[in-house]
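Shown below: query.cif, with mmCIF, C-alpha atoms and all ligand atoms.
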```
data_final
#
loop_
_atom_site.label_atom_id
_atom_site.label_comp_id
_atom_site.auth_asym_id
_atom_site.auth_seq_id
_atom_site.Cartn_x
_atom_site.Cartn_y
_atom_site.Cartn_z
CA MET A 753 0.00 0.00 0.00
CA THR A 754 1.19 3.51 -0.83
CA HIS A 755 1.48 5.82 2.18
CA LEU A 756 0.75 9.56 2.04
CA LEU A 757 1.68 11.96 4.83
CA VAL A 758 -0.19 15.28 4.84
CA ALA A 759 1.48 17.97 6.95
CA GLY A 760 -0.80 20.94 7.61
CA LYS A 761 -4.55 21.51 7.67
CA LEU A 762 -6.28 21.29 4.29
CA HIS A 763 -9.51 22.72 2.90
CA PRO A 764 -12.51 20.44 3.68
CA SER A 765 -12.62 19.26 0.04
CA GLY A 766 -9.04 18.06 0.44
CA GLU A 767 -9.97 16.30 3.69
CA ALA A 768 -12.87 14.60 1.88
CA LEU A 769 -10.47 13.40 -0.81
CA LEU A 770 -8.13 12.03 1.86
CA ARG A 771 -11.00 9.96 3.28
CA GLU A 772 -11.51 8.34 -0.15
CA LEU A 773 -7.87 7.32 -0.55
CA PRO A 774 -7.75 4.10 1.54
CA ALA A 775 -10.33 2.55 -0.85
CA ARG A 776 -7.86 3.37 -3.65
CA GLY A 777 -4.97 1.64 -1.92
CA VAL A 778 -3.44 4.75 -0.31
CA SER A 779 -3.10 4.97 3.48
CA VAL A 780 -2.90 8.44 5.02
CA ASP A 781 -1.38 10.18 8.02
CA TYR A 782 -2.85 13.66 8.46
CA VAL A 783 -1.29 16.17 10.86
CA GLU A 784 -3.17 19.48 11.00
CA GLU A 785 -0.57 21.56 12.85
CA VAL A 786 1.75 23.56 10.58
CA SER A 787 5.15 22.85 12.15
CA GLU A 788 8.07 20.60 11.27
CA ALA A 789 8.06 18.94 14.70
CA SER A 790 4.48 17.73 14.23
CA TYR A 791 5.04 15.70 11.07
CA ALA A 792 8.75 14.76 11.24
CA PRO A 793 8.22 11.68 13.48
CA LEU A 794 5.81 10.25 10.86
CA ILE A 795 7.99 10.75 7.78
CA GLY A 796 9.77 7.39 7.96
CA ARG A 797 6.88 5.44 6.45
CA ALA A 798 5.74 8.02 3.87
CA ASP A 799 6.05 7.47 0.11
CA ALA A 800 4.70 10.95 -0.50
CA LEU A 801 4.46 14.13 1.58
CA VAL A 802 2.05 17.02 1.11
CA ILE A 803 3.41 20.07 2.92
CA ARG A 804 2.24 23.63 3.60
CA THR A 805 4.57 26.50 4.56
CA GLN A 806 6.48 24.83 7.41
CA PRO A 807 10.15 23.86 6.92
CA LEU A 808 11.34 20.58 5.49
CA SER A 809 14.95 20.40 6.66
CA ALA A 810 17.84 18.10 5.73
CA ALA A 811 17.54 16.46 9.18
CA THR A 812 13.92 15.50 8.52
CA ILE A 813 14.69 14.39 4.97
CA ALA A 814 17.39 12.09 6.41
CA ARG A 815 14.61 10.29 8.35
CA ALA A 816 12.52 9.72 5.19
CA GLY A 817 13.54 6.21 4.22
CA GLN A 818 11.03 5.62 1.43
CA LEU A 819 9.97 9.13 0.42
CA LYS A 820 9.71 9.63 -3.35
CA VAL A 821 7.92 12.94 -3.70
CA VAL A 822 7.25 16.12 -1.75
CA SER A 823 4.19 17.99 -2.97
CA ARG A 824 4.01 21.67 -2.01
CA HIS A 825 0.60 23.07 -1.17
CA GLY A 826 1.49 26.30 -2.99
CA VAL A 827 4.19 27.51 -5.33
CA GLY A 828 7.02 28.79 -3.09
CA TYR A 829 9.56 26.28 -1.82
CA ASP A 830 12.18 28.33 0.00
CA ALA A 831 11.39 26.47 3.28
CA VAL A 832 12.26 23.14 1.64
CA ASP A 833 15.89 21.97 1.60
CA LEU A 834 16.00 21.33 -2.13
CA PRO A 835 19.67 20.20 -2.31
CA ALA A 836 18.91 17.57 0.37
CA LEU A 837 15.96 16.32 -1.69
CA ASP A 838 18.07 16.27 -4.86
CA ALA A 839 20.82 14.32 -3.13
CA ARG A 840 18.27 11.62 -2.33
CA GLY A 841 16.52 11.73 -5.73
CA ILE A 842 13.26 12.87 -4.14
CA ALA A 843 11.05 14.97 -6.43
CA LEU A 844 9.48 18.29 -5.44
CA THR A 845 6.21 19.37 -7.04
CA ILE A 846 4.26 22.65 -6.86
CA VAL A 847 0.59 23.33 -7.57
CA GLY A 848 1.09 25.33 -10.79
CA ASP A 849 -1.38 28.01 -11.83
CA VAL A 850 -4.05 27.66 -9.15
CA ASN A 851 -3.26 30.62 -6.90
CA SER A 852 -2.22 33.49 -9.16
CA VAL A 853 -5.67 35.14 -9.28
CA SER A 854 -6.13 35.12 -5.50
CA VAL A 855 -2.62 36.43 -4.90
CA ALA A 856 -2.97 39.15 -7.55
CA GLU A 857 -6.30 40.21 -6.00
CA HIS A 858 -4.57 40.49 -2.62
CA ALA A 859 -1.80 42.62 -4.12
CA MET A 860 -4.42 44.87 -5.76
CA MET A 861 -6.15 45.18 -2.38
CA GLN A 862 -2.83 46.10 -0.72
CA LEU A 863 -2.20 48.85 -3.30
CA LEU A 864 -5.70 50.25 -2.85
CA ALA A 865 -5.60 49.98 0.95
CA ALA A 866 -2.24 51.75 1.02
CA ALA A 867 -3.37 54.52 -1.35
CA LYS A 868 -6.58 55.05 0.60
CA ARG A 869 -4.78 54.91 3.99
CA VAL A 870 -7.36 52.37 5.10
CA LEU A 871 -5.66 51.46 8.37
CA ARG A 872 -5.53 55.08 9.53
CA ALA A 873 -9.08 55.72 8.37
CA ASP A 874 -10.37 52.75 10.36
CA ARG A 875 -8.73 54.04 13.52
CA ALA A 876 -10.13 57.52 12.86
CA VAL A 877 -13.59 56.07 13.39
CA ARG A 878 -12.86 53.63 16.21
CA ASP A 879 -10.57 55.74 18.42
CA PRO A 880 -12.33 58.50 20.37
CA GLY A 881 -11.61 61.99 19.14
CA GLN A 882 -9.91 60.88 15.91
CA TRP A 883 -12.65 61.77 13.43
CA GLY A 884 -10.72 64.89 12.40
CA TRP A 885 -8.13 62.67 10.70
CA ARG A 886 -10.50 62.58 7.70
CA ASN A 887 -8.92 65.87 6.63
CA ARG A 888 -5.33 64.71 7.15
CA LEU A 889 -5.28 61.22 5.62
CA GLU A 890 -3.21 62.12 2.53
CA GLN A 891 -5.02 59.50 0.52
CA GLN A 892 -4.51 59.19 -3.21
CA GLU A 893 -6.20 57.94 -6.35
CA ILE A 894 -4.45 55.05 -8.03
CA SER A 895 -6.09 55.70 -11.39
CA GLY A 896 -3.50 56.95 -13.83
CA LYS A 897 -0.64 56.16 -11.44
CA ARG A 898 2.47 54.19 -12.43
CA LEU A 899 2.72 50.57 -11.27
CA LEU A 900 5.98 48.60 -11.44
CA ILE A 901 5.51 44.84 -11.23
CA LEU A 902 8.65 43.00 -10.10
CA GLY A 903 8.41 39.47 -11.49
CA TYR A 904 6.14 39.08 -14.52
CA GLY A 905 4.94 35.51 -14.09
CA ARG A 906 1.33 34.41 -13.75
CA THR A 907 0.59 36.47 -10.65
CA GLY A 908 2.28 39.58 -12.03
CA ARG A 909 0.32 39.27 -15.28
CA ASN A 910 -2.98 38.89 -13.44
CA LEU A 911 -2.15 41.97 -11.40
CA ALA A 912 -1.33 43.88 -14.62
CA ARG A 913 -4.76 42.90 -15.99
CA MET A 914 -6.48 44.11 -12.81
CA ALA A 915 -4.46 47.34 -12.66
CA ALA A 916 -5.41 48.10 -16.27
CA GLY A 917 -9.01 48.22 -15.03
CA PHE A 918 -7.93 51.11 -12.80
CA ASP A 919 -6.24 52.86 -15.75
CA MET A 920 -2.84 52.43 -14.11
CA GLN A 921 0.25 52.72 -16.30
CA VAL A 922 2.04 49.40 -15.88
CA ARG A 923 5.64 48.35 -16.52
CA ALA A 924 7.33 45.16 -15.36
CA TYR A 925 10.81 43.95 -14.52
CA ASP A 926 11.64 40.28 -14.93
CA PRO A 927 15.30 39.40 -15.54
CA TYR A 928 14.43 35.88 -16.73
CA LEU A 929 11.82 36.98 -19.30
CA GLN A 930 13.99 39.92 -20.34
CA GLN A 931 16.53 37.32 -21.49
CA THR A 932 14.27 34.59 -22.87
CA GLY A 933 11.61 36.68 -24.60
CA TRP A 934 9.05 39.17 -23.34
CA PRO A 935 5.37 38.11 -23.60
CA GLN A 936 3.23 40.00 -26.09
CA GLY A 937 0.81 42.48 -24.58
CA PRO A 938 0.48 46.04 -23.35
CA VAL A 939 3.03 45.86 -20.50
CA PRO A 940 6.57 46.85 -21.54
CA PRO A 941 9.70 45.61 -19.76
CA VAL A 942 11.80 48.09 -17.84
CA ALA A 943 15.27 47.99 -16.27
CA LEU A 944 15.17 47.66 -12.50
CA ALA A 945 16.73 51.01 -11.55
CA GLU A 946 14.66 52.88 -14.13
CA GLY A 947 11.45 51.16 -13.00
CA LEU A 948 12.10 51.87 -9.32
CA ALA A 949 12.59 55.57 -10.02
CA TRP A 950 9.53 55.70 -12.35
CA ALA A 951 6.89 53.99 -10.21
CA ASP A 952 4.28 55.41 -7.83
CA CYS A 953 3.38 51.87 -6.74
CA ILE A 954 5.51 48.70 -6.72
CA SER A 955 4.30 45.11 -6.30
CA VAL A 956 6.71 42.24 -5.74
CA HIS A 957 6.21 38.78 -7.32
CA ILE A 958 9.63 37.14 -7.33
CA PRO A 959 11.01 34.18 -5.35
CA ARG A 960 13.22 34.60 -2.29
CA GLY A 961 16.91 34.65 -3.19
CA ALA A 962 20.10 34.45 -1.17
CA ARG A 963 19.80 38.16 -0.32
CA PRO A 964 16.91 40.65 -0.49
CA ALA A 965 16.22 41.85 -4.04
CA ILE A 966 14.85 45.08 -2.54
CA GLY A 967 17.17 46.50 0.12
CA ALA A 968 18.15 49.96 1.30
CA ALA A 969 19.93 50.77 -2.01
CA GLU A 970 16.88 49.90 -4.12
CA ILE A 971 14.50 51.73 -1.76
CA ALA A 972 16.68 54.84 -2.06
CA LEU A 973 16.06 54.83 -5.84
CA MET A 974 12.27 54.89 -5.38
CA LYS A 975 10.11 58.02 -5.52
CA PRO A 976 9.54 59.45 -2.03
CA GLY A 977 6.13 58.34 -0.77
CA VAL A 978 5.99 55.26 -3.02
CA ILE A 979 3.51 52.48 -2.20
CA LEU A 980 4.96 48.97 -1.86
CA ALA A 981 3.13 45.62 -1.86
CA ASN A 982 4.68 42.23 -1.10
CA THR A 983 2.70 39.01 -1.50
CA ALA A 984 5.73 37.02 -2.72
CA ARG A 985 8.02 35.93 0.10
CA GLY A 986 9.63 37.34 3.19
CA GLY A 987 13.27 38.08 2.54
CA VAL A 988 12.59 39.50 -0.94
CA VAL A 989 12.24 42.95 0.64
CA ASP A 990 14.68 43.77 3.47
CA GLU A 991 12.35 44.22 6.46
CA THR A 992 14.66 46.49 8.44
CA ALA A 993 15.28 48.78 5.46
CA LEU A 994 11.55 48.87 4.67
CA ALA A 995 10.61 49.70 8.27
CA GLU A 996 13.09 52.56 8.25
CA ALA A 997 11.71 53.84 4.93
CA LEU A 998 8.14 53.64 6.23
CA ARG A 999 9.16 55.71 9.25
CA SER A 1000 11.00 58.32 7.16
CA GLY A 1001 8.23 58.55 4.54
CA GLN A 1002 10.50 57.36 1.70
CA VAL A 1003 7.90 54.57 1.43
CA GLY A 1004 4.52 56.20 2.05
CA ALA A 1005 2.57 53.05 2.82
CA ALA A 1006 2.93 49.30 2.32
CA GLY A 1007 0.96 46.08 2.26
CA ILE A 1008 2.95 43.09 3.48
CA ASP A 1009 1.63 39.50 3.53
CA VAL A 1010 4.93 37.60 3.93
CA PHE A 1011 7.74 37.86 6.47
CA ASP A 1012 11.35 36.82 7.06
CA ASP A 1013 10.14 34.62 9.91
CA GLU A 1014 6.56 33.39 10.00
CA PRO A 1015 4.97 34.20 12.33
CA PRO A 1016 7.08 37.35 12.85
CA ALA A 1017 8.27 38.10 16.39
CA PRO A 1018 6.22 40.77 18.22
CA ASP A 1019 9.23 43.12 17.95
CA ALA A 1020 9.93 42.35 14.24
CA PRO A 1021 10.84 45.51 12.27
CA LEU A 1022 7.48 46.04 10.56
CA ALA A 1023 5.36 45.44 13.66
CA GLY A 1024 5.80 49.06 14.79
CA CYS A 1025 4.95 50.64 11.41
CA ASP A 1026 1.37 51.84 11.44
CA ASN A 1027 1.51 52.79 7.74
CA ALA A 1028 1.97 49.10 6.81
CA LEU A 1029 -1.03 46.81 6.42
CA LEU A 1030 0.17 43.39 7.61
CA SER A 1031 -1.52 40.05 6.96
CA PRO A 1032 -0.51 36.49 7.94
CA HIS A 1033 0.53 34.97 4.56
CA ILE A 1034 -3.09 34.71 3.41
CA ALA A 1035 -2.96 36.00 -0.18
CA GLY A 1036 -3.58 32.47 -1.50
CA LEU A 1037 -5.95 31.39 1.23
CA THR A 1038 -9.27 32.40 -0.26
CA GLU A 1039 -11.97 29.74 -0.10
CA GLU A 1040 -11.61 29.04 -3.82
CA CYS A 1041 -7.83 28.97 -3.90
CA SER A 1042 -7.50 26.90 -0.69
CA GLU A 1043 -9.73 24.27 -2.25
CA ARG A 1044 -7.74 24.25 -5.50
CA MET A 1045 -4.39 24.06 -3.66
CA ALA A 1046 -5.55 21.19 -1.41
CA LEU A 1047 -6.87 19.11 -4.31
CA ALA A 1048 -3.91 19.90 -6.58
CA SER A 1049 -1.30 19.08 -3.93
CA ILE A 1050 -2.85 15.66 -3.14
CA ARG A 1051 -3.31 14.93 -6.84
CA ASN A 1052 0.27 15.91 -7.66
CA ALA A 1053 1.66 13.56 -4.99
CA LEU A 1054 -0.37 10.61 -6.29
CA ASP A 1055 0.13 11.45 -9.98
CA TYR A 1056 3.87 11.59 -9.42
CA LEU A 1057 3.84 8.10 -7.90
CA ASP A 1058 1.68 6.90 -10.84
CA GLY A 1059 4.03 8.53 -13.36
CA THR A 1060 1.22 10.67 -14.78
CA ILE A 1061 2.15 14.12 -13.47
CA ALA A 1062 2.71 16.99 -15.93
CA PRO A 1063 6.49 17.64 -16.06
CA GLY A 1064 5.93 21.38 -15.59
CA LEU A 1065 4.76 20.77 -12.02
CA ILE A 1066 8.06 19.14 -11.00
CA VAL A 1067 10.63 21.62 -9.72
CA ASN A 1068 13.76 19.46 -9.66
CA ARG A 1069 13.46 17.67 -12.98
CA GLU A 1070 16.97 16.32 -12.78
CA ALA A 1071 16.11 14.18 -9.73
CA PRO A 1072 17.05 10.61 -10.79
CA ASN A 1073 13.63 9.08 -10.24
CA VAL A 1074 11.71 11.80 -12.08
O1 LIG B 1101 -0.54 28.22 3.37
C1 LIG B 1101 -0.05 27.75 2.40
O2 LIG B 1101 0.11 26.53 2.24
C2 LIG B 1101 0.42 28.79 1.40
O3 LIG B 1101 -0.53 29.77 1.19
C3 LIG B 1101 0.89 28.23 0.14
O4 LIG B 1101 1.11 29.18 -0.83
P1 LIG B 1101 2.55 29.69 -1.36
O5 LIG B 1101 3.61 28.73 -0.98
O6 LIG B 1101 2.35 29.75 -2.83
O7 LIG B 1101 2.73 31.02 -0.72
#
```

Kindly transcribe the structure held in the file into structure tokens.
Ligand SMILES: O=C(O)[C@H](O)COP(=O)(O)O
Amino acid sequence: MTHLLVAGKLHPSGEALLRELPARGVSVDYVEEVSEASYAPLIGRADALVIRTQPLSAATIARAGQLKVVSRHGVGYDAVDLPALDARGIALTIVGDVNSVSVAEHAMMQLLAAAKRVLRADRAVRDPGQWGWRNRLEQQEISGKRLLILGYGRTGRNLARMAAGFDMQVRAYDPYLQQTGWPQGPVPPVALAEGLAWADCISVHIPRGARPAIGAAEIALMKPGVILANTARGGVVDETALAEALRSGQVGAAGIDVFDDEPPAPDAPLAGCDNALLSPHIAGLTEECSERMALASIRNALDYLDGTIAPGLIVNREAPNV
């Protein structure tokens, strides 16, 4: 019998699918808590692992005697020790294009909320004596404003489509596409430094790298008062530099859904910035997207074992058993 380990709570439709699996010859361990400690003791008997945002470290991989595939419930995999998986020939899959609309909607919301100073406006009603803030909010229209999209993949393109509905002027920076061929359409490519200096609003859609793509030097190139949105990954934007820029006004307002450490410590740099709208890595966790991610991640694990998975969903194609 094939054994599937699911690490992290899934949408009820995913849980219903798990209940059907034993009849199909697949036994299941299901751990709802999102932590490495909760699933690591069970990994020894798993052929396949479905995992949410918690780490998968080399130490845990070393305990996985018969693991053949790790299926990410999502598209980012910076918390997974990919070299350790590669060394063991274990495949890593991602869900593909099931979350780009939800994430782009969240980014659009962050841009609007920042421009409209929604956080401050809410407090102006709730806190006694603050009503007068309605004349001091410094809110802006986003119509006609310039939006720079960093990373022009599926999410970035969905955001461009949504921003066009607000008559925003949109440019994008994507070093990979700028080398391999820019997609046809109304959004022109722009060099990073030029785009940073041009934009009124910036939204980030690139994976986490070894160092922050947006640090103090990049923030210094931006227009004073710029709006910044990050739904991509913590570590893409340097949190300390961003917090400083939010305090000085170099960044006017921000929407941040992802953090260096999740959950961030109570004294993390952005916690004290009341011009930043913070959310707990929820851009992809709409009802619709949660359902799609749960079903896709289970399906990918089983399709990989059956040899029927689409190659585009496998991250480490050079793994020997892929
Ligand atoms: O909670 C989750 O599992 C995440 O939302 C997955 O999405 P991501 O890895 O694409 O951010």

In terms of the shortest atom-to-atom distance over only C-alpha atoms and all ligand atoms, which of A:Arg1044, A:Arg1069, A:Arg797, A:Arg815 is closest to ligand LIG 1101 (chain B)?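 Of A:Arg1044, A:Arg1069, A:Arg797, A:Arg815, the one nearest ligand LIG 1101 (chain B) is A:Arg1044, counting only C-alpha atoms and all ligand atoms.
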
Quick one: everything within 9 Å of Ile958 in chain A, counting all atoms listed in the file, minus sequence neighbours fewer than 4 positions away in the same chain. Send it as a ChimeraX atom specification. /A:902-905,926,965,984-985,988

Export C-alpha atoms of the chosen residues as a PDB file, in the coordinates of the input?
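Result file selection37.pdb:
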```
ATOM      1  CA  LEU A 902       8.650  43.000 -10.100  1.00  0.00           C
ATOM      2  CA  GLY A 903       8.410  39.470 -11.490  1.00  0.00           C
ATOM      3  CA  TYR A 904       6.140  39.080 -14.520  1.00  0.00           C
ATOM      4  CA  GLY A 905       4.940  35.510 -14.090  1.00  0.00           C
ATOM      5  CA  ASP A 926      11.640  40.280 -14.930  1.00  0.00           C
ATOM      6  CA  ALA A 965      16.220  41.850  -4.040  1.00  0.00           C
ATOM      7  CA  ALA A 984       5.730  37.020  -2.720  1.00  0.00           C
ATOM      8  CA  ARG A 985       8.020  35.930   0.100  1.00  0.00           C
ATOM      9  CA  VAL A 988      12.590  39.500  -0.940  1.00  0.00           C
TER      10      VAL A 988
END
```

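What separates CA of Val870 in chain A from atom O3 of ligand LIG 1101 (chain B) is a distance of 23.9 Å.
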
Determine, using all atoms listed in the file, which residues of chain A have any atom at most 8 Å from an atom of ligand LIG 1101 (chain B), and tabulate each with its shortest atom pair and distance in Å to one decimal place, rows ordered by chain and then rising number, as a tab-separated table.
```
residue	atom	partner	partner_atom	distance
A:Gly760	CA	B:LIG1101	O2	7.8
A:Ile803	CA	B:LIG1101	O2	7.3
A:Arg804	CA	B:LIG1101	O2	3.8
A:Thr805	CA	B:LIG1101	O2	5.0
A:Arg824	CA	B:LIG1101	O5	7.1
A:His825	CA	B:LIG1101	O2	4.9
A:Gly826	CA	B:LIG1101	O6	3.6
A:Val827	CA	B:LIG1101	O6	3.8
A:Gly828	CA	B:LIG1101	O5	4.0
A:Tyr829	CA	B:LIG1101	O5	6.5
A:Asn851	CA	B:LIG1101	O6	7.0
A:Ala984	CA	B:LIG1101	O7	7.0
A:Arg985	CA	B:LIG1101	O7	7.3
A:His1033	CA	B:LIG1101	O3	6.3
A:Ile1034	CA	B:LIG1101	O3	6.0
A:Ala1035	CA	B:LIG1101	O3	6.8
A:Gly1036	CA	B:LIG1101	O3	4.9
A:Leu1037	CA	B:LIG1101	O3	5.7
A:Ser1042	CA	B:LIG1101	O3	7.8
A:Met1045	CA	B:LIG1101	C3	7.7
```

Could you list, as a PyMOL selection string, every residue within 9 Å of Gly1064 in chain A, counting only C-alpha atoms and ignoring same-chain residues fewer than 3 positions away? chain A and resi 845-846+848+1061+1067+1069

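Residues lying within 9 Å of Pro774 in chain A, counting all atoms listed in the file and ignoring same-chain neighbours fewer than 5 positions away, are Met753, Ser779 and Val780 of chain A.
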
Output for the residues just chosen: C-alpha atoms as a compact mmCIF listing (two decimals), keeping the file's coordinate frame:
```txt
# COMPACT_ATOMS: atom_id res chain seq x y z
CA MET A 753 0.00 0.00 0.00
CA SER A 779 -3.10 4.97 3.48
CA VAL A 780 -2.90 8.44 5.02
```

Just give me the gap between CA of Asp1009 in chain A and CA of Met861 in chain A in Å, one decimal is fine.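 Result for CA of Asp1009 in chain A versus CA of Met861 in chain A: 11.3 Å, one decimal.
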
Proximity to Pro807 in chain A - best of A:Val832, A:Leu864, A:Ala915, A:Val942, all atoms listed in the file: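 The closest residue to Pro807 in chain A is A:Val832.
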
Can you tell me, as AutoDock Vina command-line options, the centre and edge lengths (Å, one decimal) of the axis-aligned box enclosing all of range 1015-1022 of chain A's listed atoms after padding each side by 8 Å?
```
--center_x 7.9 --center_y 40.1 --center_z 14.4 --size_x 21.9 --size_y 27.8 --size_z 23.7
```

Taking all atoms listed in the file into account, name the residue in A:Gln931, A:Met860, A:Gln882, A:Gly777 that is nearest to Ala916 in chain A.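 The shortest atom-to-atom distance to Ala916 in chain A comes from A:Met860.
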
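If you look at CA of Pro976 in chain A and CA of Asn887 in chain A, they are 21.4 Å away from each other.
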